[in-house]
Structures are given as C-alpha cells and as structure tokens.
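Printed here is final_37.pdb (PDB, C-alpha atoms):
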MODEL        1
ATOM      1  CA  MET A   1       2.529   9.908 -22.240
ATOM      2  CA  LYS A   2      -1.240   9.821 -21.863
ATOM      3  CA  THR A   3      -1.231   6.071 -22.512
ATOM      4  CA  ASN A   4       1.298   5.538 -19.719
ATOM      5  CA  SER A   5      -0.803   7.613 -17.322
ATOM      6  CA  VAL A   6      -3.935   5.592 -18.075
ATOM      7  CA  ARG A   7      -1.951   2.358 -17.773
ATOM      8  CA  ASN A   8      -0.499   3.352 -14.409
ATOM      9  CA  LEU A   9      -3.902   4.497 -13.146
ATOM     10  CA  THR A  10      -5.438   1.181 -14.181
ATOM     11  CA  ILE A  11      -2.681  -0.845 -12.532
ATOM     12  CA  SER A  12      -2.990   1.242  -9.364
ATOM     13  CA  ALA A  13      -6.745   0.645  -9.250
ATOM     14  CA  LEU A  14      -6.260  -3.116  -9.699
ATOM     15  CA  LEU A  15      -3.659  -3.229  -6.928
ATOM     16  CA  ILE A  16      -5.886  -1.194  -4.601
ATOM     17  CA  GLY A  17      -8.739  -3.603  -5.268
ATOM     18  CA  LEU A  18      -6.463  -6.557  -4.502
ATOM     19  CA  GLY A  19      -5.205  -4.822  -1.373
ATOM     20  CA  ILE A  20      -8.761  -4.573  -0.043
ATOM     21  CA  LEU A  21      -9.821  -8.044  -1.232
ATOM     22  CA  ILE A  22      -6.830 -10.112  -0.058
ATOM     23  CA  PRO A  23      -7.490  -9.699   3.710
ATOM     24  CA  LEU A  24     -11.029 -10.960   3.127
ATOM     25  CA  VAL A  25     -10.134 -14.162   1.269
ATOM     26  CA  MET A  26      -6.575 -15.185   2.138
ATOM     27  CA  PRO A  27      -5.716 -17.540   5.019
ATOM     28  CA  LYS A  28      -4.646 -16.066   8.331
ATOM     29  CA  VAL A  29      -1.908 -17.153  10.708
ATOM     30  CA  VAL A  30      -3.366 -16.628  14.174
ATOM     31  CA  VAL A  31      -1.025 -16.062  17.116
ATOM     32  CA  PRO A  32      -3.375 -14.878  19.870
ATOM     33  CA  PRO A  33      -4.242 -12.112  20.274
ATOM     34  CA  ALA A  34      -2.930 -11.129  16.815
ATOM     35  CA  SER A  35      -3.438 -12.526  13.330
ATOM     36  CA  PHE A  36      -1.427 -12.142  10.137
ATOM     37  CA  THR A  37      -3.053 -12.404   6.698
ATOM     38  CA  LEU A  38      -0.864 -14.040   4.073
ATOM     39  CA  ALA A  39      -0.027 -11.726   1.127
ATOM     40  CA  SER A  40      -1.896  -8.728   2.569
ATOM     41  CA  HIS A  41       1.048  -6.408   1.756
ATOM     42  CA  VAL A  42       1.755  -7.819  -1.695
ATOM     43  CA  PRO A  43      -0.114  -5.122  -3.723
ATOM     44  CA  VAL A  44       1.864  -2.313  -2.048
ATOM     45  CA  PHE A  45       5.131  -4.190  -2.538
ATOM     46  CA  ILE A  46       4.363  -4.773  -6.221
ATOM     47  CA  ALA A  47       3.529  -1.069  -6.631
ATOM     48  CA  MET A  48       7.037  -0.279  -5.360
ATOM     49  CA  PHE A  49       8.433  -1.992  -8.477
ATOM     50  CA  PHE A  50       6.630   0.632 -10.593
ATOM     51  CA  SER A  51       7.207   4.011  -8.952
ATOM     52  CA  PRO A  52       7.012   5.955  -5.679
ATOM     53  CA  ALA A  53       3.828   7.637  -6.934
ATOM     54  CA  MET A  54       2.116   4.300  -7.519
ATOM     55  CA  ALA A  55       3.303   3.013  -4.141
ATOM     56  CA  VAL A  56       1.718   6.062  -2.473
ATOM     57  CA  ALA A  57      -1.510   5.721  -4.473
ATOM     58  CA  VAL A  58      -1.923   2.024  -3.634
ATOM     59  CA  THR A  59      -1.134   2.605   0.042
ATOM     60  CA  LEU A  60      -3.637   5.459   0.326
ATOM     61  CA  GLY A  61      -6.270   3.547  -1.630
ATOM     62  CA  THR A  62      -6.045   0.407   0.483
ATOM     63  CA  ALA A  63      -5.951   2.447   3.699
ATOM     64  CA  PHE A  64      -9.114   4.301   2.639
ATOM     65  CA  GLY A  65     -10.801   0.970   1.942
ATOM     66  CA  PHE A  66      -9.928  -0.193   5.449
ATOM     67  CA  PHE A  67     -11.159   3.085   6.992
ATOM     68  CA  ILE A  68     -14.649   2.437   5.633
ATOM     69  CA  SER A  69     -14.748  -1.304   6.307
ATOM     70  CA  THR A  70     -12.647  -2.136   9.384
ATOM     71  CA  SER A  71     -11.551  -0.760  12.748
ATOM     72  CA  PRO A  72      -9.493   2.457  13.016
ATOM     73  CA  ILE A  73      -6.393   0.622  14.260
ATOM     74  CA  ILE A  74      -6.307  -1.665  11.218
ATOM     75  CA  ALA A  75      -6.869   1.287   8.897
ATOM     76  CA  LEU A  76      -4.113   3.340  10.534
ATOM     77  CA  ARG A  77      -1.727   0.385  10.369
ATOM     78  CA  ALA A  78      -2.482   0.206   6.651
ATOM     79  CA  LEU A  79      -1.912   3.959   6.322
ATOM     80  CA  SER A  80       1.436   3.642   8.113
ATOM     81  CA  HIS A  81       2.654   1.536   5.189
ATOM     82  CA  ILE A  82       3.184   4.770   3.287
ATOM     83  CA  VAL A  83       6.497   5.174   5.162
ATOM     84  CA  PHE A  84       8.169   1.966   3.973
ATOM     85  CA  ALA A  85       6.437   2.204   0.570
ATOM     86  CA  VAL A  86       7.911   5.634  -0.190
ATOM     87  CA  VAL A  87      11.364   4.865   1.232
ATOM     88  CA  GLY A  88      11.535   1.503  -0.532
ATOM     89  CA  ALA A  89      10.210   2.756  -3.871
ATOM     90  CA  TYR A  90      12.694   5.636  -3.978
ATOM     91  CA  TYR A  91      15.551   3.303  -3.109
ATOM     92  CA  LEU A  92      14.513   0.882  -5.860
ATOM     93  CA  ARG A  93      14.396   3.749  -8.344
ATOM     94  CA  LYS A  94      17.937   4.774  -7.356
ATOM     95  CA  HIS A  95      19.262   1.205  -7.204
ATOM     96  CA  PRO A  96      17.174  -0.945  -9.589
ATOM     97  CA  GLU A  97      20.102  -3.345 -10.007
ATOM     98  CA  ILE A  98      19.298  -5.032  -6.663
ATOM     99  CA  VAL A  99      16.376  -6.915  -8.225
ATOM    100  CA  PHE A 100      18.799  -9.070 -10.231
ATOM    101  CA  LYS A 101      21.683 -11.309  -9.230
ATOM    102  CA  ASP A 102      24.294 -11.892 -11.925
ATOM    103  CA  GLY A 103      21.805 -10.580 -14.461
ATOM    104  CA  LYS A 104      19.083 -13.011 -13.421
ATOM    105  CA  PHE A 105      15.931 -12.913 -11.335
ATOM    106  CA  THR A 106      16.197 -15.241  -8.333
ATOM    107  CA  LEU A 107      14.858 -15.426  -4.795
ATOM    108  CA  ALA A 108      18.415 -16.314  -3.696
ATOM    109  CA  ASN A 109      19.426 -12.710  -4.247
ATOM    110  CA  GLY A 110      21.410 -11.462  -1.264
ATOM    111  CA  ARG A 111      21.161  -7.759  -2.154
ATOM    112  CA  PHE A 112      17.405  -7.888  -2.550
ATOM    113  CA  GLN A 113      16.959  -9.970   0.612
ATOM    114  CA  LEU A 114      18.990  -7.424   2.592
ATOM    115  CA  PHE A 115      16.757  -4.677   1.190
ATOM    116  CA  ASN A 116      13.732  -6.824   2.094
ATOM    117  CA  PHE A 117      15.024  -7.231   5.666
ATOM    118  CA  LEU A 118      15.569  -3.490   6.134
ATOM    119  CA  ILE A 119      12.112  -2.721   4.740
ATOM    120  CA  ALA A 120      10.660  -5.306   7.159
ATOM    121  CA  LEU A 121      12.346  -3.577  10.102
ATOM    122  CA  LEU A 122      11.004  -0.169   9.030
ATOM    123  CA  HIS A 123       7.576  -1.682   8.320
ATOM    124  CA  SER A 124       7.255  -3.321  11.744
ATOM    125  CA  ALA A 125       8.722  -0.331  13.611
ATOM    126  CA  VAL A 126       6.145   2.098  12.219
ATOM    127  CA  GLU A 127       3.282  -0.336  12.854
ATOM    128  CA  MET A 128       4.532  -0.773  16.425
ATOM    129  CA  LEU A 129       4.268   2.993  16.926
ATOM    130  CA  VAL A 130       0.670   2.972  15.697
ATOM    131  CA  VAL A 131      -0.332   0.022  17.879
ATOM    132  CA  SER A 132       1.535   1.478  20.877
ATOM    133  CA  ALA A 133      -0.513   4.680  20.631
ATOM    134  CA  PHE A 134      -3.747   2.687  20.793
ATOM    135  CA  TYR A 135      -2.330   0.480  23.549
ATOM    136  CA  PHE A 136      -1.513   3.388  25.843
ATOM    137  CA  MET A 137      -4.841   5.093  25.128
ATOM    138  CA  GLY A 138      -6.597   1.946  26.355
ATOM    139  CA  ASN A 139      -8.286   1.269  23.014
ATOM    140  CA  MET A 140      -7.075  -2.305  22.515
ATOM    141  CA  PRO A 141      -9.000  -5.531  23.220
ATOM    142  CA  ASP A 142      -8.512  -6.931  26.735
ATOM    143  CA  THR A 143      -6.522  -9.871  25.351
ATOM    144  CA  PHE A 144      -3.720  -7.496  24.357
ATOM    145  CA  TYR A 145      -3.426  -6.147  27.904
ATOM    146  CA  SER A 146      -3.574  -9.597  29.491
ATOM    147  CA  GLN A 147      -0.471 -10.615  27.492
ATOM    148  CA  GLY A 148       1.451  -7.462  28.390
ATOM    149  CA  TYR A 149       3.085  -4.720  26.319
ATOM    150  CA  LEU A 150       6.391  -6.494  25.693
ATOM    151  CA  TYR A 151       4.748  -9.581  24.205
ATOM    152  CA  THR A 152       1.923  -7.960  22.242
ATOM    153  CA  ILE A 153       3.863  -5.022  20.815
ATOM    154  CA  PHE A 154       7.492  -6.141  20.544
ATOM    155  CA  VAL A 155       7.061  -9.857  19.963
ATOM    156  CA  LEU A 156       3.786 -10.011  18.013
ATOM    157  CA  MET A 157       3.776  -6.651  16.229
ATOM    158  CA  GLY A 158       7.548  -6.295  16.014
ATOM    159  CA  VAL A 159       9.048  -9.715  15.348
ATOM    160  CA  GLY A 160       5.828 -11.211  13.959
ATOM    161  CA  GLY A 161       5.214  -8.173  11.758
ATOM    162  CA  ALA A 162       8.764  -8.256  10.396
ATOM    163  CA  ILE A 163       8.477 -11.942   9.491
ATOM    164  CA  HIS A 164       5.120 -11.265   7.844
ATOM    165  CA  SER A 165       6.683  -8.450   5.830
ATOM    166  CA  LEU A 166       9.628 -10.625   4.731
ATOM    167  CA  VAL A 167       7.305 -13.382   3.526
ATOM    168  CA  ASP A 168       4.966 -10.995   1.684
ATOM    169  CA  TYR A 169       7.782  -9.156  -0.090
ATOM    170  CA  ASN A 170       9.227 -12.441  -1.307
ATOM    171  CA  ILE A 171       5.786 -13.350  -2.644
ATOM    172  CA  ALA A 172       5.593  -9.958  -4.383
ATOM    173  CA  TYR A 173       9.145 -10.369  -5.731
ATOM    174  CA  PHE A 174       8.292 -13.812  -7.127
ATOM    175  CA  ILE A 175       5.075 -12.495  -8.736
ATOM    176  CA  ALA A 176       6.913  -9.489 -10.189
ATOM    177  CA  GLY A 177       9.591 -11.767 -11.629
ATOM    178  CA  ALA A 178       6.927 -13.928 -13.275
ATOM    179  CA  LEU A 179       5.057 -10.876 -14.597
ATOM    180  CA  TYR A 180       8.214  -9.367 -16.033
ATOM    181  CA  LYS A 181       8.459 -12.195 -18.558
ATOM    182  CA  HIS A 182       5.278 -10.874 -20.210
ATOM    183  CA  PHE A 183       4.829  -7.374 -18.803
ATOM    184  CA  ASN A 184       7.018  -4.296 -18.409
ATOM    185  CA  LEU A 185       7.854  -3.284 -14.845
ATOM    186  CA  PRO A 186       9.824  -0.009 -14.669
ATOM    187  CA  ILE A 187      12.283  -1.108 -11.968
ATOM    188  CA  PHE A 188      12.995  -4.399 -13.720
ATOM    189  CA  ASP A 189      13.339  -2.531 -17.030
ATOM    190  CA  GLN A 190      15.893  -0.173 -15.472
ATOM    191  CA  ALA A 191      17.769  -3.120 -13.969
ATOM    192  CA  THR A 192      17.888  -4.865 -17.355
ATOM    193  CA  LYS A 193      19.290  -1.732 -19.032
ATOM    194  CA  ALA A 194      21.888  -1.380 -16.273
ATOM    195  CA  GLU A 195      22.945  -5.011 -16.749
ATOM    196  CA  LYS A 196      23.312  -4.497 -20.515
ATOM    197  CA  LEU A 197      25.415  -1.379 -20.024
ATOM    198  CA  LYS A 198      27.549  -3.253 -17.507
ATOM    199  CA  ALA A 199      28.049  -6.123 -19.971
ATOM    200  CA  LYS A 200      29.090  -3.703 -22.744
ATOM    201  CA  ALA A 201      31.560  -1.985 -20.438
ATOM    202  CA  VAL A 202      33.199  -5.328 -19.671
TER     203      VAL A 202
ENDMDL
END
Could you rewrite the structure in this file as structure tokens?
Amino acid sequence: MKTNSVRNLTISALLIGLGILIPLVMPKVVVPPASFTLASHVPVFIAMFFSPAMAVAVTLGTAFGFFISTSPIIALRALSHIVFAVVGAYYLRKHPEIVFKDGKFTLANGRFQLFNFLIALLHSAVEMLVVSAFYFMGNMPDTFYSQGYLYTIFVLMGVGGAIHSLVDYNIAYFIAGALYKHFNLPIFDQATKAEKLKAKAV
C-alpha cells in the first residue's frame, strides 16, 4: 500500500513537471489573438487514466506553477481544468471498458472518441466562462476586444479550445496505450480484467 502511494506521488510529480514544462518548449498554433500549445493538456489527461485523485493533484500542481510564472488568466484557465479532469476520471473509473475496442487499444475507438468529444465540450465551456469573466472586467489585451466577443470567446476559446482538447487527448491516449505495454495503468488494467471476464462469460 505504501509502495503504491509513493509510486502515485512520484508519477503525479513527474506529470506536474511536464505540465509546467510543455508550454515552454512545445510548438504553438497561433490564431490571433490566441495561441494553442500542442500537448499542453496531455499530463492531466494521462493522470485521468490513473485515478480522480491523481487528476486533481496534477491539475492543481500545474495550475500553481502557472500562478507563479504566468498571467492570472492563464493560471485560472489551467485551474478550470479540474472540472473536466474530475468528471472524466470518475467516468473512466466507472466505465474503464471504453479505452478498448474489441479488446484492443486503437485510436479508431468510437466509444473513447465520443468520450473525448464530450470532455472537449466541457473543457472549452469552462475555459470560456473564465475568459468571459476577464473579458467583461476589461482585463484582456486590446486585440481581444478589437475582434469582438463572439469571435474571441466562442470561436477561438470555444471551437478552437475544443479542437485543441480533442487533439491533446488523442495524444495522451496514444502515449497511454504505448506505456501500457510496459507499465501498469489502473484504468487500462481494469479494462483488461473486464475484457477477460467478458470472454469467459461468452
């Protein structure tokens, strides 16, 4: 039990470190006045394959890192990830079977991609609320106001944020699938057990 706790703490710390480092080194897709950093959400998404507690820890850790190194709006957007992280992690724990299709790991997994899409909608909706609060308080750069609320919030933060989320979760899903060949991931372990029980029942 103690070994598992130390292991989970170590993994959480590594994911938090990656969550802070990735925005500094990964390429950005710039759609003025916004920018989207490739794989910036991957550590939180990977944590969701472990447990809700780890998802919360990684979200809080990365958000804290942003609070001391970036602007408040970026930090609060990072903190808002706790909503989709908790909801998604609990759903995965209740329905681990969605990570496999016909007993196999594949990106062409309709059930997981539907889950990914719903998480992306929740992800972008909560971030839109955060950005909207700053927008109406007049704390955004002038470029955001020159483009108008509909474009900057709904198109960039909403549609753009959802696409960003979809891409990052597929990256995390691919990485998790590769890791699972050599490393135990609780959600994948549960899915494997469920598949074996299903096979025995048949």
Near Ser80 of chain A, within 9 Å and counting all atoms listed in the file, which residues show up once chain neighbours fewer than 4 positions away are dropped, as an mmCIF file with C-alpha atoms, in the coordinates of the input?
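Heads up, here's the output in result.cif:
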data_model
loop_
_atom_site.group_PDB
_atom_site.id
_atom_site.type_symbol
_atom_site.label_atom_id
_atom_site.label_comp_id
_atom_site.auth_asym_id
_atom_site.auth_seq_id
_atom_site.Cartn_x
_atom_site.Cartn_y
_atom_site.Cartn_z
ATOM 1 C CA THR A 59 -1.134 2.605 0.042
ATOM 2 C CA ALA A 63 -5.951 2.447 3.699
ATOM 3 C CA ALA A 75 -6.869 1.287 8.897
ATOM 4 C CA LEU A 76 -4.113 3.340 10.534
ATOM 5 C CA PHE A 84 8.169 1.966 3.973
ATOM 6 C CA HIS A 123 7.576 -1.682 8.320
ATOM 7 C CA VAL A 126 6.145 2.098 12.219
ATOM 8 C CA GLU A 127 3.282 -0.336 12.854
ATOM 9 C CA VAL A 130 0.670 2.972 15.697
#
**Request:** Any chance you could resolve the PyMOL selection byres ((chain A and resi 174-178) around 12) against this file and give the residues as a PyMOL selection string?
**Result:** chain A and resi 39+42-50+99-100+104-109+112+167-173+179-189
Create the file for the chosen residues now, containing C-alpha atoms and written as a PDB file, in the coordinates of the input.
ATOM      1  CA  ALA A  39      -0.027 -11.726   1.127  1.00  0.00           C
ATOM      2  CA  VAL A  42       1.755  -7.819  -1.695  1.00  0.00           C
ATOM      3  CA  PRO A  43      -0.114  -5.122  -3.723  1.00  0.00           C
ATOM      4  CA  VAL A  44       1.864  -2.313  -2.048  1.00  0.00           C
ATOM      5  CA  PHE A  45       5.131  -4.190  -2.538  1.00  0.00           C
ATOM      6  CA  ILE A  46       4.363  -4.773  -6.221  1.00  0.00           C
ATOM      7  CA  ALA A  47       3.529  -1.069  -6.631  1.00  0.00           C
ATOM      8  CA  MET A  48       7.037  -0.279  -5.360  1.00  0.00           C
ATOM      9  CA  PHE A  49       8.433  -1.992  -8.477  1.00  0.00           C
ATOM     10  CA  PHE A  50       6.630   0.632 -10.593  1.00  0.00           C
ATOM     11  CA  VAL A  99      16.376  -6.915  -8.225  1.00  0.00           C
ATOM     12  CA  PHE A 100      18.799  -9.070 -10.231  1.00  0.00           C
ATOM     13  CA  LYS A 104      19.083 -13.011 -13.421  1.00  0.00           C
ATOM     14  CA  PHE A 105      15.931 -12.913 -11.335  1.00  0.00           C
ATOM     15  CA  THR A 106      16.197 -15.241  -8.333  1.00  0.00           C
ATOM     16  CA  LEU A 107      14.858 -15.426  -4.795  1.00  0.00           C
ATOM     17  CA  ALA A 108      18.415 -16.314  -3.696  1.00  0.00           C
ATOM     18  CA  ASN A 109      19.426 -12.710  -4.247  1.00  0.00           C
ATOM     19  CA  PHE A 112      17.405  -7.888  -2.550  1.00  0.00           C
ATOM     20  CA  VAL A 167       7.305 -13.382   3.526  1.00  0.00           C
ATOM     21  CA  ASP A 168       4.966 -10.995   1.684  1.00  0.00           C
ATOM     22  CA  TYR A 169       7.782  -9.156  -0.090  1.00  0.00           C
ATOM     23  CA  ASN A 170       9.227 -12.441  -1.307  1.00  0.00           C
ATOM     24  CA  ILE A 171       5.786 -13.350  -2.644  1.00  0.00           C
ATOM     25  CA  ALA A 172       5.593  -9.958  -4.383  1.00  0.00           C
ATOM     26  CA  TYR A 173       9.145 -10.369  -5.731  1.00  0.00           C
ATOM     27  CA  LEU A 179       5.057 -10.876 -14.597  1.00  0.00           C
ATOM     28  CA  TYR A 180       8.214  -9.367 -16.033  1.00  0.00           C
ATOM     29  CA  LYS A 181       8.459 -12.195 -18.558  1.00  0.00           C
ATOM     30  CA  HIS A 182       5.278 -10.874 -20.210  1.00  0.00           C
ATOM     31  CA  PHE A 183       4.829  -7.374 -18.803  1.00  0.00           C
ATOM     32  CA  ASN A 184       7.018  -4.296 -18.409  1.00  0.00           C
ATOM     33  CA  LEU A 185       7.854  -3.284 -14.845  1.00  0.00           C
ATOM     34  CA  PRO A 186       9.824  -0.009 -14.669  1.00  0.00           C
ATOM     35  CA  ILE A 187      12.283  -1.108 -11.968  1.00  0.00           C
ATOM     36  CA  PHE A 188      12.995  -4.399 -13.720  1.00  0.00           C
ATOM     37  CA  ASP A 189      13.339  -2.531 -17.030  1.00  0.00           C
TER      38      ASP A 189
END
**Request:** Excluding Leu166 of chain A and residues on its chain fewer than 5 positions from it, collect all residues at most 8 Å away from it, counting all atoms listed in the file, and give them as a PyMOL selection string.
**Result:** chain A and resi 116-117+120
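Between atom CA of Lys101 of chain A and atom CA of His41 of chain A the separation is 23.9 Å.
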**Message:** Which residues are near Val29 of chain A? Cut-off 12 Å, all atoms listed in the file, ignore same chain within fewer than 6 positions. Put them as a PyMOL selection string.
**Reply:** chain A and resi 23+35-40+156+160-161+163-164
**Asked** Could you write out as a PyMOL selection string the residues that the PyMOL selection byres ((chain A and resi 129) around 12) matches in the shown file?
**Response** chain A and resi 73+76-77+80-81+122-128+130-136+153-154+157-158
For the selection you just gave me, I'd like the residues written to a file as a PDB file, keeping the file's coordinate frame, keeping C-alpha atoms.
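The file below, part_35.pdb, is the result:
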ATOM      1  CA  ILE A  73      -6.393   0.622  14.260  1.00  0.00           C
ATOM      2  CA  LEU A  76      -4.113   3.340  10.534  1.00  0.00           C
ATOM      3  CA  ARG A  77      -1.727   0.385  10.369  1.00  0.00           C
ATOM      4  CA  SER A  80       1.436   3.642   8.113  1.00  0.00           C
ATOM      5  CA  HIS A  81       2.654   1.536   5.189  1.00  0.00           C
ATOM      6  CA  LEU A 122      11.004  -0.169   9.030  1.00  0.00           C
ATOM      7  CA  HIS A 123       7.576  -1.682   8.320  1.00  0.00           C
ATOM      8  CA  SER A 124       7.255  -3.321  11.744  1.00  0.00           C
ATOM      9  CA  ALA A 125       8.722  -0.331  13.611  1.00  0.00           C
ATOM     10  CA  VAL A 126       6.145   2.098  12.219  1.00  0.00           C
ATOM     11  CA  GLU A 127       3.282  -0.336  12.854  1.00  0.00           C
ATOM     12  CA  MET A 128       4.532  -0.773  16.425  1.00  0.00           C
ATOM     13  CA  VAL A 130       0.670   2.972  15.697  1.00  0.00           C
ATOM     14  CA  VAL A 131      -0.332   0.022  17.879  1.00  0.00           C
ATOM     15  CA  SER A 132       1.535   1.478  20.877  1.00  0.00           C
ATOM     16  CA  ALA A 133      -0.513   4.680  20.631  1.00  0.00           C
ATOM     17  CA  PHE A 134      -3.747   2.687  20.793  1.00  0.00           C
ATOM     18  CA  TYR A 135      -2.330   0.480  23.549  1.00  0.00           C
ATOM     19  CA  PHE A 136      -1.513   3.388  25.843  1.00  0.00           C
ATOM     20  CA  ILE A 153       3.863  -5.022  20.815  1.00  0.00           C
ATOM     21  CA  PHE A 154       7.492  -6.141  20.544  1.00  0.00           C
ATOM     22  CA  MET A 157       3.776  -6.651  16.229  1.00  0.00           C
ATOM     23  CA  GLY A 158       7.548  -6.295  16.014  1.00  0.00           C
TER      24      GLY A 158
END
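Among the candidate residues A:Ile98, A:Leu21, A:Val6, A:Leu60, the one lying nearest to Ile82 of chain A is A:Leu60, with distances computed using only C-alpha atoms.
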**Prompt:** Quick one, how far is atom CA of Ile22 of chain A from atom CA of Gly65 of chain A?
**Reply:** 11.9 Å
**Asked** Counting only C-alpha atoms, what is within 10 Å of Ala13 of chain A, bar same-chain residues fewer than 6 positions away, as a list of chain:residue names?
**Response** A:Arg7, A:Gly19, A:Met54, A:Ala57, A:Val58, A:Gly61, A:Thr62
